[in-house]
Amino acid sequence: MKTEVIMQQLAAKHPGEAEYLQAVQEVLESIEEVYNQHPEYEKAKIVERMVEPDRIFTFRVTWIDDQGQVQTNLGYRVQFNSAIGPYKGGLRFHKAVNPSMLKFLGFEQTFKNALTTLPMGGAKGGSDFDPVGKSDAEIMRFCQAFMLELWHNIGVDTDVPAGDVGVGGREIGFLNGMYQKLARQYHTGVLTGKGMTWGGSILRPEATGYGALYFTEHLLHQAGKSIVGKTVAISGFGNVAWGAAQKATELGAKVVAISGPDGVCAIPEGITPEMIDYMLVMRASNRNKVQDMADKFPALAQFTPGKKAWSVPCDIALPCAFQNELSEDDAKELKANGCWCCCEVSNMGCQPGAIHYFQHNGVLFAPGKAVNAGGVATSGLEMTQNCEHLSWTAQEVDTRLHQIMESIHEQCVKFGTQADGSIDYVKGANIAGFMKVAQAMLEQGIV
Ligand code: GLU
């Protein structure tokens, strides 16, 4: 297998699908050497099969807004790979959603889910519906119209969607209500990220952020460092940033920045519990403005329009917002301001130039598919509880989340340790995830 050749073929087949091609390139580059030691993979054309989704559903979603106007969006579900279990992955509602974005996310999800040690295949879905400025009633009508199409293709043992950017507990509620109505199926496990009274798992809302910080602790420990007293810059203020800010603060770090599409809030004294709670209010408002934090807490947060979280000096950077949100220039600015660790929490949050810069300039770096896997892992735990018709305690879920993040870190170390003793977490995560999926595909024949 030659990465260059496969990439050329893929680019010719899928022109203009930049994010998808970027995600595939990153994985193929890291696994090429290991792959070429396995002629049986080459014979079964594992890579050529693995880079294409199993199938994609595309559908029209029509709904009526509060002014009585008819609105039409596009909906998708990309079922990427089911070699190790039923399709599993979130739904993203964002104006920029397109097939390339969902294919990159579904591809990443396949490896991430493999890393969790749980039996889940990879999928992703969503819509170009823009939740910004929408009322609760509009969100509900959109979710219902979306499910009207999607419900045929999902199920507790086939494909289990969850949240992602623009889809949280409220949206999962509307989607689940409509699913039950249409399917006449009342098993609680067809979606994850549910509310606590209708099948949700305790700690699922916090899990991506908590898991990211557990991973960060292991990475720092491995490097002989500690998180206590360190300054942390976080991008975004959604569900993932909220969990990360909470756990970072609890572990003794100081969160000195959060950001949004409108700019950054610097928080020199560190984020407070009241501010962390207010992040939830900001997300529920659908305004998508981080300036609201500075307006609410003027003595604690200073808003600068048009700037990113990466302009605020910090020890540790945690991208928690969107793909490609951290560029090579941002990486240079972070390093110049003293940053020495970046744990990517968003999916593909760092551009390739930024990762390259971090890795060659002494900044510890770990990729999203390892760092953020606690979210989908806890979805997996939610599925198990649903199948058992039981709810576990917070302590039980948290202990398992801890164990899973520790095991992901171990897999990265196992497959990413270099000849000079340093750890390439990108390589480690990609090889570990790939080997598991590849072996499962090989043993199940040419299908
Ligand atoms: N959207 C999340 C992710 O990127 C969670 C997916 C899930 O829980 O299924 O992993």
# chains A, B, ... in the order shown; residues from 1 in each chain; ligands from 1
call {"tool": "select_by_dssp", "arguments": {"residues": "region 259-368 of chain A", "states": "strand (DSSP E)", "output": "list in words"}}
result
Ser259, Gly260, Gly263, Val264, Cys265, Ala266, Gln302, Phe303, Thr304, Pro305, Ile316, Ala317, Leu318, Cys341, Cys342, Cys343, Leu364, Phe365 and Ala366 of chain A
call {"tool": "closest_atom_pairs", "arguments": {"of": "chain A", "to": "ligand 1", "cutoff": "6 Å", "atoms": "only C-alpha atoms and all ligand atoms", "output": "tab-separated table"}}
result
residue	atom	partner	partner_atom_place_in_ligand_line	distance
A:Lys88	CA	ligand 1	9 (O)	5.2
A:Gly89	CA	ligand 1	9 (O)	3.5
A:Gly90	CA	ligand 1	1 (N)	4.0
A:Pro161	CA	ligand 1	9 (O)	5.6
A:Ala162	CA	ligand 1	9 (O)	4.6
A:Gly163	CA	ligand 1	1 (N)	5.3
A:Asp164	CA	ligand 1	1 (N)	3.9
A:Ala373	CA	ligand 1	10 (O)	5.9
A:Gly375	CA	ligand 1	5 (C)	5.1
A:Val376	CA	ligand 1	8 (O)	3.6
A:Ser379	CA	ligand 1	8 (O)	4.7
call {"tool": "closest_residue", "arguments": {"among": "A:Gly380, A:Pro99, A:Gly353, A:Gly433", "to": "Met120 (chain A)", "atoms": "only C-alpha atoms"}}
result
A:Gly380
call {"tool": "closest_atom_pairs", "arguments": {"of": "region 72-185 of chain A", "to": "region 390-411 of chain A", "cutoff": "8 Å", "atoms": "only C-alpha atoms", "output": "tab-separated table"}}
result
residue	atom	partner	partner_atom	distance
A:Leu115	CA	A:Ile408	CA	6.0
A:Thr116	CA	A:Ile404	CA	6.1
A:Thr117	CA	A:Ile404	CA	7.4
call {"tool": "residues_around", "arguments": {"residues": "Glu217 (chain A)", "least_positions_apart": "2", "cutoff": "12 Å", "atoms": "only C-alpha atoms", "output": "PyMOL selection string"}}
result
chain A and resi 210-215+219-228+230+247-248+251-253+316+341+343+366+371+402+405-406+409
call {"tool": "atom_distance", "arguments": {"atom1": "CA of Asp157 (chain A)", "atom2": "CA of Ser100 (chain A)"}}
result
26.2 Å
call {"tool": "residues_around", "arguments": {"residues": "Tyr425 (chain A)", "least_positions_apart": "4", "cutoff": "10 Å", "atoms": "only C-alpha atoms", "output": "PyMOL selection string"}}
result
chain A and resi 219+359+364-367+370-371+409+411-417+429-431
call {"tool": "write_last_selection", "arguments": {"atoms": "N, CA, C and O atoms", "output": "mmCIF file, in the first residue's frame"}}
result
data_model
loop_
_atom_site.group_PDB
_atom_site.id
_atom_site.type_symbol
_atom_site.label_atom_id
_atom_site.label_comp_id
_atom_site.auth_asym_id
_atom_site.auth_seq_id
_atom_site.Cartn_x
_atom_site.Cartn_y
_atom_site.Cartn_z
ATOM 1 N N LEU A 219 -1.479 11.479 30.049
ATOM 2 C CA LEU A 219 -0.416 11.964 29.161
ATOM 3 C C LEU A 219 0.603 12.786 29.962
ATOM 4 O O LEU A 219 1.817 12.631 29.809
ATOM 5 N N GLN A 359 4.539 18.725 17.030
ATOM 6 C CA GLN A 359 5.369 17.527 17.184
ATOM 7 C C GLN A 359 6.866 17.809 16.985
ATOM 8 O O GLN A 359 7.696 17.087 17.509
ATOM 9 N N LEU A 364 3.721 18.669 23.581
ATOM 10 C CA LEU A 364 3.032 17.372 23.672
ATOM 11 C C LEU A 364 1.707 17.487 22.931
ATOM 12 O O LEU A 364 0.957 18.445 23.139
ATOM 13 N N PHE A 365 1.416 16.484 22.091
ATOM 14 C CA PHE A 365 0.157 16.550 21.320
ATOM 15 C C PHE A 365 -0.524 15.193 21.298
ATOM 16 O O PHE A 365 0.114 14.162 21.086
ATOM 17 N N ALA A 366 -1.846 15.186 21.517
ATOM 18 C CA ALA A 366 -2.627 13.947 21.356
ATOM 19 C C ALA A 366 -3.859 14.258 20.512
ATOM 20 O O ALA A 366 -4.458 15.333 20.638
ATOM 21 N N PRO A 367 -4.239 13.304 19.635
ATOM 22 C CA PRO A 367 -5.321 13.569 18.673
ATOM 23 C C PRO A 367 -6.716 13.298 19.245
ATOM 24 O O PRO A 367 -6.887 12.481 20.152
ATOM 25 N N ALA A 370 -8.410 9.863 20.202
ATOM 26 C CA ALA A 370 -8.076 9.265 21.497
ATOM 27 C C ALA A 370 -8.637 10.130 22.631
ATOM 28 O O ALA A 370 -9.297 9.630 23.535
ATOM 29 N N VAL A 371 -8.392 11.433 22.545
ATOM 30 C CA VAL A 371 -8.722 12.326 23.669
ATOM 31 C C VAL A 371 -10.229 12.416 23.910
ATOM 32 O O VAL A 371 -10.686 12.447 25.049
ATOM 33 N N HIS A 409 -5.084 5.379 26.501
ATOM 34 C CA HIS A 409 -3.737 5.945 26.643
ATOM 35 C C HIS A 409 -2.683 4.839 26.506
ATOM 36 O O HIS A 409 -1.672 5.005 25.800
ATOM 37 N N GLN A 411 -2.951 2.047 24.855
ATOM 38 C CA GLN A 411 -2.849 1.615 23.452
ATOM 39 C C GLN A 411 -1.994 2.603 22.644
ATOM 40 O O GLN A 411 -1.214 2.211 21.786
ATOM 41 N N CYS A 412 -2.167 3.901 22.934
ATOM 42 C CA CYS A 412 -1.370 4.924 22.227
ATOM 43 C C CYS A 412 0.112 4.740 22.531
ATOM 44 O O CYS A 412 0.964 4.863 21.648
ATOM 45 N N VAL A 413 0.415 4.449 23.801
ATOM 46 C CA VAL A 413 1.818 4.271 24.191
ATOM 47 C C VAL A 413 2.382 3.011 23.521
ATOM 48 O O VAL A 413 3.478 3.012 22.962
ATOM 49 N N LYS A 414 1.571 1.943 23.528
ATOM 50 C CA LYS A 414 2.024 0.671 22.948
ATOM 51 C C LYS A 414 2.371 0.822 21.458
ATOM 52 O O LYS A 414 3.406 0.347 21.005
ATOM 53 N N PHE A 415 1.476 1.467 20.723
ATOM 54 C CA PHE A 415 1.693 1.545 19.266
ATOM 55 C C PHE A 415 2.407 2.819 18.829
ATOM 56 O O PHE A 415 2.747 2.953 17.662
ATOM 57 N N GLY A 416 2.607 3.772 19.761
ATOM 58 C CA GLY A 416 3.177 5.064 19.341
ATOM 59 C C GLY A 416 4.557 5.348 19.879
ATOM 60 O O GLY A 416 5.128 6.407 19.586
ATOM 61 N N THR A 417 5.118 4.421 20.680
ATOM 62 C CA THR A 417 6.456 4.689 21.233
ATOM 63 C C THR A 417 7.512 4.567 20.119
ATOM 64 O O THR A 417 7.565 3.567 19.409
ATOM 65 N N ALA A 429 -2.595 6.152 18.249
ATOM 66 C CA ALA A 429 -4.063 6.038 18.191
ATOM 67 C C ALA A 429 -4.495 5.447 16.853
ATOM 68 O O ALA A 429 -5.367 4.572 16.790
ATOM 69 N N ASN A 430 -3.873 5.931 15.772
ATOM 70 C CA ASN A 430 -4.282 5.449 14.450
ATOM 71 C C ASN A 430 -3.958 3.971 14.261
ATOM 72 O O ASN A 430 -4.793 3.198 13.766
ATOM 73 N N ILE A 431 -2.758 3.566 14.674
ATOM 74 C CA ILE A 431 -2.386 2.159 14.476
ATOM 75 C C ILE A 431 -3.258 1.247 15.346
ATOM 76 O O ILE A 431 -3.780 0.230 14.884
#
call {"tool": "residues_around", "arguments": {"residues": "region 67-83 of chain A", "least_positions_apart": "6", "cutoff": "8 Å", "atoms": "only C-alpha atoms", "output": "PyMOL selection string"}}
result
chain A and resi 50+52-61+99+102-103+106-107+110+120-129+146+150+159+437+440-441+444
call {"tool": "write_last_selection", "arguments": {"atoms": "N, CA and C atoms", "output": "JSON list (two decimals), in the first residue's frame"}}
result
[["chain", "number", "residue", "atom", "x", "y", "z"],
["A", 50, "MET", "N", -11.83, -0.01, 3.65],
["A", 50, "MET", "CA", -12.06, 0.72, 4.89],
["A", 50, "MET", "C", -12.25, 2.23, 4.69],
["A", 52, "GLU", "N", -13.91, 3.73, 2.35],
["A", 52, "GLU", "CA", -15.23, 4.07, 1.79],
["A", 52, "GLU", "C", -16.32, 3.69, 2.79],
["A", 53, "PRO", "N", -17.32, 4.57, 2.99],
["A", 53, "PRO", "CA", -18.41, 4.19, 3.88],
["A", 53, "PRO", "C", -19.21, 3.02, 3.32],
["A", 54, "ASP", "N", -19.79, 2.21, 4.22],
["A", 54, "ASP", "CA", -20.63, 1.09, 3.76],
["A", 54, "ASP", "C", -21.80, 1.63, 2.94],
["A", 55, "ARG", "N", -22.45, 2.68, 3.44],
["A", 55, "ARG", "CA", -23.56, 3.32, 2.70],
["A", 55, "ARG", "C", -23.86, 4.69, 3.27],
["A", 56, "ILE", "N", -24.51, 5.53, 2.44],
["A", 56, "ILE", "CA", -24.90, 6.87, 2.89],
["A", 56, "ILE", "C", -26.37, 7.08, 2.55],
["A", 57, "PHE", "N", -27.15, 7.51, 3.51],
["A", 57, "PHE", "CA", -28.54, 7.89, 3.25],
["A", 57, "PHE", "C", -28.59, 9.42, 3.18],
["A", 58, "THR", "N", -29.21, 9.92, 2.13],
["A", 58, "THR", "CA", -29.39, 11.38, 1.99],
["A", 58, "THR", "C", -30.87, 11.64, 1.84],
["A", 59, "PHE", "N", -31.38, 12.63, 2.56],
["A", 59, "PHE", "CA", -32.82, 12.88, 2.47],
["A", 59, "PHE", "C", -33.15, 14.36, 2.64],
["A", 60, "ARG", "N", -34.32, 14.72, 2.13],
["A", 60, "ARG", "CA", -34.82, 16.10, 2.27],
["A", 60, "ARG", "C", -35.59, 16.19, 3.57],
["A", 61, "VAL", "N", -35.36, 17.32, 4.29],
["A", 61, "VAL", "CA", -36.09, 17.55, 5.54],
["A", 61, "VAL", "C", -36.85, 18.86, 5.40],
["A", 99, "PRO", "N", -21.62, 16.17, 2.77],
["A", 99, "PRO", "CA", -21.15, 14.78, 2.79],
["A", 99, "PRO", "C", -19.68, 14.64, 3.16],
["A", 102, "LEU", "N", -19.31, 14.80, 6.96],
["A", 102, "LEU", "CA", -19.84, 13.63, 7.67],
["A", 102, "LEU", "C", -19.04, 12.37, 7.35],
["A", 103, "LYS", "N", -18.45, 12.32, 6.17],
["A", 103, "LYS", "CA", -17.58, 11.17, 5.84],
["A", 103, "LYS", "C", -16.30, 11.22, 6.66],
["A", 106, "GLY", "N", -17.37, 10.18, 10.17],
["A", 106, "GLY", "CA", -17.70, 8.75, 10.24],
["A", 106, "GLY", "C", -16.44, 7.88, 10.20],
["A", 107, "PHE", "N", -15.49, 8.30, 9.37],
["A", 107, "PHE", "CA", -14.20, 7.60, 9.26],
["A", 107, "PHE", "C", -13.46, 7.65, 10.60],
["A", 110, "THR", "N", -15.01, 5.48, 13.35],
["A", 110, "THR", "CA", -14.74, 4.05, 13.25],
["A", 110, "THR", "C", -13.51, 3.66, 14.09],
["A", 120, "MET", "N", -18.55, -1.30, 18.97],
["A", 120, "MET", "CA", -19.33, -0.31, 18.22],
["A", 120, "MET", "C", -18.66, -0.01, 16.88],
["A", 121, "GLY", "N", -19.44, -0.08, 15.80],
["A", 121, "GLY", "CA", -18.96, 0.33, 14.49],
["A", 121, "GLY", "C", -19.03, 1.85, 14.39],
["A", 122, "GLY", "N", -18.68, 2.39, 13.21],
["A", 122, "GLY", "CA", -18.60, 3.85, 13.08],
["A", 122, "GLY", "C", -19.67, 4.42, 12.16],
["A", 123, "ALA", "N", -20.25, 5.56, 12.56],
["A", 123, "ALA", "CA", -21.24, 6.25, 11.72],
["A", 123, "ALA", "C", -21.25, 7.73, 12.10],
["A", 124, "LYS", "N", -21.89, 8.52, 11.29],
["A", 124, "LYS", "CA", -22.12, 9.94, 11.60],
["A", 124, "LYS", "C", -23.28, 10.40, 10.76],
["A", 125, "GLY", "N", -23.96, 11.44, 11.23],
["A", 125, "GLY", "CA", -25.07, 11.96, 10.43],
["A", 125, "GLY", "C", -25.31, 13.40, 10.78],
["A", 126, "GLY", "N", -26.38, 13.95, 10.22],
["A", 126, "GLY", "CA", -26.69, 15.33, 10.57],
["A", 126, "GLY", "C", -27.39, 16.06, 9.45],
["A", 127, "SER", "N", -27.31, 17.40, 9.56],
["A", 127, "SER", "CA", -28.02, 18.23, 8.60],
["A", 127, "SER", "C", -27.37, 19.59, 8.52],
["A", 128, "ASP", "N", -27.62, 20.28, 7.38],
["A", 128, "ASP", "CA", -27.15, 21.65, 7.23],
["A", 128, "ASP", "C", -28.11, 22.65, 7.91],
["A", 129, "PHE", "N", -29.02, 22.15, 8.71],
["A", 129, "PHE", "CA", -29.91, 22.99, 9.52],
["A", 129, "PHE", "C", -29.04, 23.82, 10.48],
["A", 146, "PHE", "N", -36.78, 15.57, 10.69],
["A", 146, "PHE", "CA", -35.54, 14.83, 10.43],
["A", 146, "PHE", "C", -35.76, 13.33, 10.73],
["A", 150, "LEU", "N", -35.27, 9.49, 9.03],
["A", 150, "LEU", "CA", -34.16, 8.67, 9.53],
["A", 150, "LEU", "C", -34.59, 7.35, 10.16],
["A", 159, "ASP", "N", -28.04, 0.70, 14.22],
["A", 159, "ASP", "CA", -27.38, 2.01, 14.14],
["A", 159, "ASP", "C", -27.95, 2.89, 15.25],
["A", 437, "VAL", "N", -9.84, -2.84, 13.67],
["A", 437, "VAL", "CA", -10.87, -2.88, 12.62],
["A", 437, "VAL", "C", -10.40, -3.77, 11.46],
["A", 440, "ALA", "N", -10.73, -7.43, 12.30],
["A", 440, "ALA", "CA", -12.15, -7.83, 12.30],
["A", 440, "ALA", "C", -12.65, -7.98, 10.86],
["A", 441, "MET", "N", -12.24, -7.09, 9.98],
["A", 441, "MET", "CA", -12.67, -7.18, 8.57],
["A", 441, "MET", "C", -12.07, -8.42, 7.92],
["A", 444, "GLN", "N", -13.80, -11.65, 8.77],
["A", 444, "GLN", "CA", -15.18, -11.80, 8.34],
["A", 444, "GLN", "C", -15.33, -11.89, 6.81]]
call {"tool": "closest_atom_pairs", "arguments": {"of": "region 263-332 of chain A", "to": "region 337-340 of chain A", "cutoff": "8 Å", "atoms": "only C-alpha atoms", "output": "CSV"}}
result
residue,atom,partner,partner_atom,distance
A:Val312,CA,A:Asn337,CA,7.9
A:Pro313,CA,A:Asn337,CA,5.1
A:Cys314,CA,A:Cys339,CA,5.3
A:Asp315,CA,A:Cys339,CA,4.2
A:Ile316,CA,A:Cys339,CA,5.8
A:Ala317,CA,A:Cys339,CA,7.1
call {"tool": "write_last_selection", "arguments": {"atoms": "C-alpha atoms", "output": "CSV table (one decimal), in the first residue's frame"}}
result
chain,number,residue,atom,x,y,z
A,312,VAL,CA,-4.5,33.8,25.5
A,313,PRO,CA,-1.2,32.6,27.2
A,314,CYS,CA,-1.6,29.1,28.7
A,315,ASP,CA,0.2,25.9,29.6
A,316,ILE,CA,-2.3,23.6,28.0
A,317,ALA,CA,-4.6,24.1,24.9
call {"tool": "residues_around", "arguments": {"residues": "Leu182 (chain A)", "least_positions_apart": "2", "cutoff": "8 Å", "atoms": "only C-alpha atoms", "output": "list in words"}}
result
Leu148, Trp151, Met178, Tyr179, Gln180 and Arg184 of chain A
call {"tool": "atom_distance", "arguments": {"atom1": "CA of Gln351 (chain A)", "atom2": "CA of Leu318 (chain A)"}}
result
14.0 Å
call {"tool": "residues_around", "arguments": {"residues": "Gly193 (chain A)", "least_positions_apart": "5", "cutoff": "8 Å", "atoms": "only C-alpha atoms", "output": "PyMOL selection string"}}
result
chain A and resi 162-163+168-169+172+200-201+204-205+379+382
call {"tool": "closest_atom_pairs", "arguments": {"of": "region 44-118 of chain A", "to": "region 27-40 of chain A", "cutoff": "10 Å", "atoms": "only C-alpha atoms", "output": "Markdown table"}}
result
| residue | atom | partner | partner_atom | distance |
| --- | --- | --- | --- | --- |
| A:Ala44 | CA | A:Glu40 | CA | 6.3 |
| A:Lys45 | CA | A:Glu40 | CA | 8.6 |
| A:Ile46 | CA | A:Glu40 | CA | 8.8 |
| A:Val47 | CA | A:Leu28 | CA | 8.3 |
| A:Val51 | CA | A:Leu28 | CA | 9.4 |
| A:Phe107 | CA | A:Val27 | CA | 9.6 |
| A:Glu108 | CA | A:Val27 | CA | 8.8 |
| A:Phe111 | CA | A:Val27 | CA | 9.4 |
call {"tool": "closest_residue", "arguments": {"among": "A:Ala245, A:Val345, A:Val132, A:Ala354", "to": "Ala331 (chain A)", "atoms": "only C-alpha atoms"}}
result
A:Ala354
call {"tool": "atom_distance", "arguments": {"atom1": "CA of Met348 (chain A)", "atom2": "CA of Glu325 (chain A)"}}
result
8.5 Å
call {"tool": "closest_residue", "arguments": {"among": "A:Asn372, A:Ser311, A:Thr188, A:Asn239", "to": "Gly155 (chain A)", "atoms": "only C-alpha atoms"}}
result
A:Thr188
call {"tool": "select_by_dssp", "arguments": {"residues": "region 103-264 of chain A", "states": "helix (DSSP H, G or I)", "output": "MDAnalysis selection string"}}
result
chainID A and resid 103:115 136:153 169:183 188:190 196:198 204:222 239:250
call {"tool": "write_last_selection", "arguments": {"atoms": "C-alpha atoms", "output": "mmCIF file, in the first residue's frame"}}
result
data_model
loop_
_atom_site.group_PDB
_atom_site.id
_atom_site.type_symbol
_atom_site.label_atom_id
_atom_site.label_comp_id
_atom_site.auth_asym_id
_atom_site.auth_seq_id
_atom_site.Cartn_x
_atom_site.Cartn_y
_atom_site.Cartn_z
ATOM 1 C CA LYS A 103 -17.584 11.170 5.845
ATOM 2 C CA PHE A 104 -14.534 12.521 7.674
ATOM 3 C CA LEU A 105 -16.414 12.273 10.968
ATOM 4 C CA GLY A 106 -17.695 8.750 10.241
ATOM 5 C CA PHE A 107 -14.202 7.601 9.257
ATOM 6 C CA GLU A 108 -12.700 9.027 12.468
ATOM 7 C CA GLN A 109 -15.543 7.545 14.493
ATOM 8 C CA THR A 110 -14.736 4.048 13.252
ATOM 9 C CA PHE A 111 -11.215 4.165 14.740
ATOM 10 C CA LYS A 112 -12.272 6.060 17.841
ATOM 11 C CA ASN A 113 -14.967 3.522 18.637
ATOM 12 C CA ALA A 114 -12.453 0.717 18.134
ATOM 13 C CA LEU A 115 -10.163 2.397 20.695
ATOM 14 C CA ASP A 136 -37.377 25.756 20.857
ATOM 15 C CA ALA A 137 -40.512 25.088 18.800
ATOM 16 C CA GLU A 138 -38.539 25.378 15.548
ATOM 17 C CA ILE A 139 -35.860 23.011 16.879
ATOM 18 C CA MET A 140 -38.600 20.526 17.793
ATOM 19 C CA ARG A 141 -40.311 20.699 14.401
ATOM 20 C CA PHE A 142 -36.998 20.292 12.629
ATOM 21 C CA CYS A 143 -35.986 17.270 14.785
ATOM 22 C CA GLN A 144 -39.368 15.642 14.145
ATOM 23 C CA ALA A 145 -39.117 16.167 10.397
ATOM 24 C CA PHE A 146 -35.542 14.826 10.427
ATOM 25 C CA MET A 147 -36.609 11.661 12.275
ATOM 26 C CA LEU A 148 -39.520 11.146 9.888
ATOM 27 C CA GLU A 149 -36.884 10.141 7.323
ATOM 28 C CA LEU A 150 -34.161 8.671 9.525
ATOM 29 C CA TRP A 151 -36.148 6.189 11.588
ATOM 30 C CA HIS A 152 -36.184 3.425 8.938
ATOM 31 C CA ASN A 153 -32.417 3.210 9.003
ATOM 32 C CA GLY A 169 -30.062 16.560 25.278
ATOM 33 C CA ARG A 170 -32.948 18.723 24.053
ATOM 34 C CA GLU A 171 -32.573 17.605 20.436
ATOM 35 C CA ILE A 172 -32.098 13.933 21.408
ATOM 36 C CA GLY A 173 -35.376 14.232 23.361
ATOM 37 C CA PHE A 174 -37.316 15.525 20.349
ATOM 38 C CA LEU A 175 -35.712 12.909 18.090
ATOM 39 C CA ASN A 176 -36.465 10.050 20.485
ATOM 40 C CA GLY A 177 -40.084 11.139 20.996
ATOM 41 C CA MET A 178 -40.691 11.092 17.255
ATOM 42 C CA TYR A 179 -38.821 7.799 16.782
ATOM 43 C CA GLN A 180 -41.104 6.038 19.272
ATOM 44 C CA LYS A 181 -44.181 7.490 17.617
ATOM 45 C CA LEU A 182 -43.133 6.296 14.159
ATOM 46 C CA ALA A 183 -41.501 2.960 14.932
ATOM 47 C CA THR A 188 -34.639 2.846 25.285
ATOM 48 C CA GLY A 189 -31.449 2.135 23.378
ATOM 49 C CA VAL A 190 -31.999 3.520 19.873
ATOM 50 C CA MET A 196 -32.105 10.671 32.989
ATOM 51 C CA THR A 197 -35.793 9.698 33.294
ATOM 52 C CA TRP A 198 -36.030 7.986 29.880
ATOM 53 C CA ARG A 204 -23.084 11.089 29.587
ATOM 54 C CA PRO A 205 -23.436 14.891 29.176
ATOM 55 C CA GLU A 206 -20.110 15.446 30.959
ATOM 56 C CA ALA A 207 -18.338 12.391 29.538
ATOM 57 C CA THR A 208 -16.492 13.835 26.525
ATOM 58 C CA GLY A 209 -14.968 16.647 28.579
ATOM 59 C CA TYR A 210 -14.293 14.468 31.631
ATOM 60 C CA GLY A 211 -12.737 11.725 29.522
ATOM 61 C CA ALA A 212 -10.530 14.293 27.745
ATOM 62 C CA LEU A 213 -9.170 15.473 31.080
ATOM 63 C CA TYR A 214 -8.596 11.903 32.306
ATOM 64 C CA PHE A 215 -6.617 11.271 29.125
ATOM 65 C CA THR A 216 -4.698 14.544 29.599
ATOM 66 C CA GLU A 217 -3.792 13.514 33.156
ATOM 67 C CA HIS A 218 -2.365 10.200 31.887
ATOM 68 C CA LEU A 219 -0.416 11.964 29.161
ATOM 69 C CA LEU A 220 1.013 14.467 31.645
ATOM 70 C CA HIS A 221 1.847 11.706 34.108
ATOM 71 C CA GLN A 222 3.670 9.798 31.360
ATOM 72 C CA ASN A 239 -21.319 20.654 25.855
ATOM 73 C CA VAL A 240 -17.749 19.412 25.382
ATOM 74 C CA ALA A 241 -16.088 22.655 26.534
ATOM 75 C CA TRP A 242 -18.438 22.684 29.543
ATOM 76 C CA GLY A 243 -17.385 19.200 30.721
ATOM 77 C CA ALA A 244 -13.721 19.965 30.060
ATOM 78 C CA ALA A 245 -13.855 23.252 32.018
ATOM 79 C CA GLN A 246 -15.565 21.507 34.922
ATOM 80 C CA LYS A 247 -13.101 18.625 35.197
ATOM 81 C CA ALA A 248 -10.002 20.764 34.551
ATOM 82 C CA THR A 249 -11.065 23.056 37.421
ATOM 83 C CA GLU A 250 -11.859 20.099 39.677
#
